[in-house]
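**Q** Handing you this structure, nothing more for now.
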2 protein chains.
Amino acid sequence: MIDTKQKILDTAERLFGSQGYAATSLRQVIAEAEVNVAAVHYHFGSKEDLLDAVLARKIGPVTDHRLKLLAQAEAEAAGGPLDAGRIIAAFLMPTAEVAQANPMFVRLMGRMLNEGMMPQIAARHFRDSATRFVRALEKAMPQLSHEELMWRVHFMIGAMAHTLCGQPVLENLGGDFTVRLRRLARFLAAGFHAPGENEEAK
Amino acid sequence: MIDTKQKILDTAERLFGSQGYAATSLRQVIAEAEVNVAAVHYHFGSKEDLLDAVLARKIGPVTDHRLKLLAQAEAEAAGGPLDAGRIIAAFLMPTAEVAQANPMFVRLMGRMLNEGMMPQIAARHFRDSATRFVRALEKAMPQLSHEELMWRVHFMIGAMAHTLCGQPVLENLGGDFTVRLRRLARFLAAGFHAPGENEEAK
DNA sequence: GTCTATACTGAGATAGAC
DNA sequence: GTCTATCTCAGTATAGAC
């Protein structure tokens, strides 16, 4: 069958997203996709490579959208100073659309940045857009040292990952995904605008 | 041997912290601890219960320190308005001391909040201090809706977890743990002070 | 009460038949 | 391209030695 690969990808995306990568066995994937155990190894090589393929398929469009929003903001600023809030929103909001179309994939995205291991995999899929955004933020916030800025980006990724991948630890907070991300964007924008290590006040 | 339990706990703490829970096999733990496979099941019951025990042993003091710092800040304010920054610092900084004494355990703490699964375990060990801090934050920031505040706490936990558990995704950022947490505290304090959903400006 | 030896089930991976 | 058989190693359960 020609769509064996597709079925495996779809099923893996759903299961990895809802249960996590480690907690999902290949055997569960192949059972629900109704294919053979060896098929996944034939098509993808290993469980980790399957995850890689699942990510690659959907992250590209998110990255494109992010970069498009960033370019748009820069065009509007017309060479003038860019607001950090706009940059952050351009980074966050594209995930909302994917969430609408495919909630499980967004959870998977969050998990990837979180699930401890595989920094290579996470890095590979996020580095492209991330470095571009870092440069934009550096231009928007020249008063921050490079180290301070990189840490703030790190904080942003942590908060985003935690927000994408699931239920809050403390309470069951509902709410639309877009609303949730807008809250996050407001929060992070203020964080980025905080005084740096050697500044006394804002 | 009387300290079999201890050896298992120490080894598990180190390995879970450095490699992650899922990536660490019990057999690796028992090999490095030089005990038998069944010993861990005799003393702890299961791999998950072992993790639980590892956490329980060290999180208590962190929680105590957090609450002590919070109480201290409240005493100094003498009934007056408490600054959110103080509350956040009281929540974050105790982890720095544990990091000094035991870097691996801090990474494990971060992973726990992150490693996707086991929300029950993470929740159980963090809820005690977390609810206390939420109440303090609510008093400090009465202009925020409960939902908005809970989301900001969620963002804080995400950023903290990501910062505790390891290497930044983008670059190798070094630096003392205390410095790192202070950066985070500044960032988060500004985030908490951001205008809420229905406020126009700060 | 503590621990060891050993066996059981299910995981990911691989080789080779078709 | 696909499937069966099989390998190794994981977590778990039990029996019994001391």
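Ligands are numbered from 1 in the order shown, chains are lettered A, B, ... in the order of the structure tokens, and residues start at 1 in each chain.
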Go through chain D and flag each residue having an atom no more than 10 Å from chain B; for those, report the closest pair of atoms plus their distance in Å to one decimal, using only C-alpha atoms (C1' of nucleotides), ordered by chain and rising number, as CSV.
**A**
```
residue,atom,partner,partner_atom,distance
D:DC9,C1',B:Arg27,CA,9.6
D:DA10,C1',B:Ser25,CA,7.1
D:DG11,C1',B:Leu26,CA,7.7
D:DT12,C1',B:Ser46,CA,7.9
D:DA13,C1',B:Ala38,CA,9.3
```
**Q** Using N, CA and C atoms (P, O5', C5', C4', C3', O3' and C1' of nucleotides), can you write the selected residues to a file as a PDB file, in the first residue's frame?
**A**
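Okay, out26.pdb is ready:
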```pdb
ATOM      1  P    DC D   9      21.884  -7.014  25.199  1.00  0.00           P
ATOM      2  O5'  DC D   9      20.785  -6.149  25.970  1.00  0.00           O
ATOM      3  C5'  DC D   9      20.337  -4.928  25.388  1.00  0.00           C
ATOM      4  C4'  DC D   9      19.006  -4.542  26.006  1.00  0.00           C
ATOM      5  C3'  DC D   9      19.011  -4.533  27.541  1.00  0.00           C
ATOM      6  O3'  DC D   9      18.497  -3.293  28.004  1.00  0.00           O
ATOM      7  C1'  DC D   9      17.128  -5.665  26.706  1.00  0.00           C
ATOM      8  P    DA D  10      18.793  -2.850  29.494  1.00  0.00           P
ATOM      9  O5'  DA D  10      17.349  -2.407  29.996  1.00  0.00           O
ATOM     10  C5'  DA D  10      16.656  -1.394  29.280  1.00  0.00           C
ATOM     11  C4'  DA D  10      15.153  -1.580  29.425  1.00  0.00           C
ATOM     12  C3'  DA D  10      14.674  -1.738  30.866  1.00  0.00           C
ATOM     13  O3'  DA D  10      14.318  -0.460  31.364  1.00  0.00           O
ATOM     14  C1'  DA D  10      13.642  -3.369  29.421  1.00  0.00           C
ATOM     15  P    DG D  11      14.091  -0.329  32.914  1.00  0.00           P
ATOM     16  O5'  DG D  11      12.685  -1.043  33.161  1.00  0.00           O
ATOM     17  C5'  DG D  11      11.498  -0.414  32.709  1.00  0.00           C
ATOM     18  C4'  DG D  11      10.298  -1.241  33.143  1.00  0.00           C
ATOM     19  C3'  DG D  11      10.119  -1.329  34.662  1.00  0.00           C
ATOM     20  O3'  DG D  11       8.735  -1.206  34.978  1.00  0.00           O
ATOM     21  C1'  DG D  11      10.382  -3.510  33.759  1.00  0.00           C
ATOM     22  P    DT D  12       8.233  -1.248  36.475  1.00  0.00           P
ATOM     23  O5'  DT D  12       7.842  -2.784  36.674  1.00  0.00           O
ATOM     24  C5'  DT D  12       6.920  -3.400  35.771  1.00  0.00           C
ATOM     25  C4'  DT D  12       6.778  -4.867  36.115  1.00  0.00           C
ATOM     26  C3'  DT D  12       6.497  -5.146  37.594  1.00  0.00           C
ATOM     27  O3'  DT D  12       5.197  -5.717  37.698  1.00  0.00           O
ATOM     28  C1'  DT D  12       8.115  -6.647  36.686  1.00  0.00           C
ATOM     29  P    DA D  13       4.617  -6.070  39.169  1.00  0.00           P
ATOM     30  O5'  DA D  13       4.927  -7.629  39.321  1.00  0.00           O
ATOM     31  C5'  DA D  13       4.535  -8.526  38.300  1.00  0.00           C
ATOM     32  C4'  DA D  13       4.865  -9.952  38.736  1.00  0.00           C
ATOM     33  C3'  DA D  13       4.594 -10.219  40.219  1.00  0.00           C
ATOM     34  O3'  DA D  13       3.848 -11.422  40.354  1.00  0.00           O
ATOM     35  C1'  DA D  13       6.850 -10.763  39.674  1.00  0.00           C
TER      36       DA D  13
END
```
**Q** Near Val179 of chain A, within 12 Å and counting only C-alpha atoms (C1' of nucleotides), which residues show up once chain neighbours fewer than 4 positions away are dropped, as a list in words?
**A** Leu92, Met93, Ala96, Glu97, Thr163, Leu173, Gly174, Gly175, Arg183, Leu184, Ala185 and Arg186 of chain A; Glu147, Glu148, Trp151 and Glu197 of chain B
**Q** How would the residues just chosen look if you wrote them out with N, CA and C atoms as a JSON list (two decimals), in the first residue's frame?
**A**
```json
[["chain", "number", "residue", "atom", "x", "y", "z"],
["A", 92, "LEU", "N", 5.09, 33.25, 18.47],
["A", 92, "LEU", "CA", 4.13, 32.39, 19.18],
["A", 92, "LEU", "C", 2.88, 32.06, 18.38],
["A", 93, "MET", "N", 2.31, 33.07, 17.75],
["A", 93, "MET", "CA", 0.95, 32.90, 17.24],
["A", 93, "MET", "C", 0.77, 31.82, 16.16],
["A", 96, "ALA", "N", -0.86, 28.67, 17.12],
["A", 96, "ALA", "CA", -2.30, 28.63, 17.41],
["A", 96, "ALA", "C", -3.08, 28.01, 16.25],
["A", 97, "GLU", "N", -2.66, 28.34, 15.03],
["A", 97, "GLU", "CA", -3.37, 27.81, 13.86],
["A", 97, "GLU", "C", -3.20, 26.31, 13.72],
["A", 163, "THR", "N", 3.43, 25.60, 27.93],
["A", 163, "THR", "CA", 2.08, 26.04, 27.60],
["A", 163, "THR", "C", 1.49, 25.24, 26.45],
["A", 173, "LEU", "N", -7.03, 24.72, 33.71],
["A", 173, "LEU", "CA", -7.32, 25.98, 33.06],
["A", 173, "LEU", "C", -7.71, 25.71, 31.63],
["A", 174, "GLY", "N", -8.85, 26.14, 31.26],
["A", 174, "GLY", "CA", -9.31, 25.90, 29.89],
["A", 174, "GLY", "C", -8.92, 27.05, 29.00],
["A", 175, "GLY", "N", -9.82, 27.40, 28.13],
["A", 175, "GLY", "CA", -9.59, 28.56, 27.31],
["A", 175, "GLY", "C", -9.09, 28.22, 25.93],
["A", 183, "ARG", "N", -2.10, 35.62, 26.08],
["A", 183, "ARG", "CA", -1.67, 35.85, 27.47],
["A", 183, "ARG", "C", -0.17, 35.68, 27.59],
["A", 184, "LEU", "N", 0.30, 34.59, 27.01],
["A", 184, "LEU", "CA", 1.73, 34.29, 27.09],
["A", 184, "LEU", "C", 2.55, 35.39, 26.42],
["A", 185, "ALA", "N", 2.09, 35.86, 25.26],
["A", 185, "ALA", "CA", 2.83, 36.89, 24.53],
["A", 185, "ALA", "C", 2.94, 38.17, 25.36],
["A", 186, "ARG", "N", 1.83, 38.54, 26.01],
["A", 186, "ARG", "CA", 1.86, 39.73, 26.87],
["A", 186, "ARG", "C", 2.87, 39.56, 28.00],
["B", 147, "GLU", "N", -7.83, 33.65, 36.57],
["B", 147, "GLU", "CA", -7.36, 32.86, 35.44],
["B", 147, "GLU", "C", -6.04, 33.40, 34.89],
["B", 148, "GLU", "N", -5.99, 34.71, 34.74],
["B", 148, "GLU", "CA", -4.77, 35.32, 34.22],
["B", 148, "GLU", "C", -3.60, 35.00, 35.14],
["B", 151, "TRP", "N", -2.43, 31.39, 34.83],
["B", 151, "TRP", "CA", -1.65, 31.18, 33.60],
["B", 151, "TRP", "C", -0.24, 31.71, 33.77],
["B", 197, "GLU", "N", -5.59, 41.18, 30.93],
["B", 197, "GLU", "CA", -6.28, 41.05, 29.65],
["B", 197, "GLU", "C", -7.11, 42.28, 29.29]]
```
**Q** In terms of the shortest atom-to-atom distance over only C-alpha atoms (C1' of nucleotides), which of B:Leu137, B:Ala39, B:Val29, B:Ile8 is closest to chain C?
**A** B:Ala39
**Q** Residues of chain C near chain B: apply a cut-off of 9 Å, count only C-alpha atoms (C1' of nucleotides), and supply the list as a ChimeraX atom specification.
**A** /C:2-4
**Q** At a cut-off of 6 Å, which residues of chain B touch chain A? Count only C-alpha atoms and give the answer as a list in words.
**A**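 Listing them in order of chain and number gives Asn114, Glu115, Ala123, Phe155, Gly158, Ala159, His162, Val169, Phe187, Leu188, Ala190, Gly191 and Ala194 of chain B.
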**Q** Please return as a ChimeraX atom specification: the residues of segment 17-173 of chain A that backbone DSSP assigns to alpha helix (DSSP H).
**A** /A:17-19,26-33,37-44,47-77,84-92,94-101,103-114,119-140,146-164
**Q** For atom CA of Leu67 of chain A and atom CA of Arg86 of chain A, determine how far apart the two atoms are, in Å to one decimal place.
**A**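 Interatomic distance here is 12.2 Å.
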**Q** In Å to one decimal, how far is atom CA of Ile87 of chain A from atom CA of Ala136 of chain A?
**A**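 Separation between atom CA of Ala136 of chain A and atom CA of Ile87 of chain A: 7.3 Å.
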**Q** Near DC7 of chain D, within 12 Å and counting only C-alpha atoms (C1' of nucleotides), which residues show up once chain neighbours fewer than 3 positions away are dropped, as a compact mmCIF listing (two decimals) with N, CA and C atoms (P, O5', C5', C4', C3', O3' and C1' of nucleotides), in the first residue's frame?
**A**
```txt
# COMPACT_ATOMS: atom_id res chain seq x y z
P DG C 12 8.53 0.23 21.20
O5' DG C 12 10.04 -0.09 20.83
C5' DG C 12 11.08 0.64 21.44
C4' DG C 12 12.40 0.19 20.88
C3' DG C 12 12.59 0.47 19.39
O3' DG C 12 13.92 0.91 19.14
C1' DG C 12 12.80 -1.86 19.80
P DA C 13 14.35 1.26 17.59
O5' DA C 13 15.06 -0.08 17.14
C5' DA C 13 16.17 -0.56 17.89
C4' DA C 13 16.67 -1.85 17.28
C3' DA C 13 16.94 -1.78 15.77
O3' DA C 13 18.28 -2.16 15.54
C1' DA C 13 15.63 -3.69 16.31
P DT C 14 18.85 -1.95 14.02
O5' DT C 14 18.81 -3.43 13.43
C5' DT C 14 19.34 -4.50 14.20
C4' DT C 14 19.11 -5.82 13.49
C3' DT C 14 19.33 -5.79 11.97
O3' DT C 14 20.28 -6.79 11.64
C1' DT C 14 17.29 -6.86 12.51
P DA C 15 20.86 -6.84 10.16
O5' DA C 15 20.39 -8.32 9.75
C5' DA C 15 20.10 -9.27 10.78
C4' DA C 15 19.67 -10.58 10.15
C3' DA C 15 20.02 -10.74 8.67
O3' DA C 15 20.30 -12.12 8.39
C1' DA C 15 17.66 -10.65 8.92
```
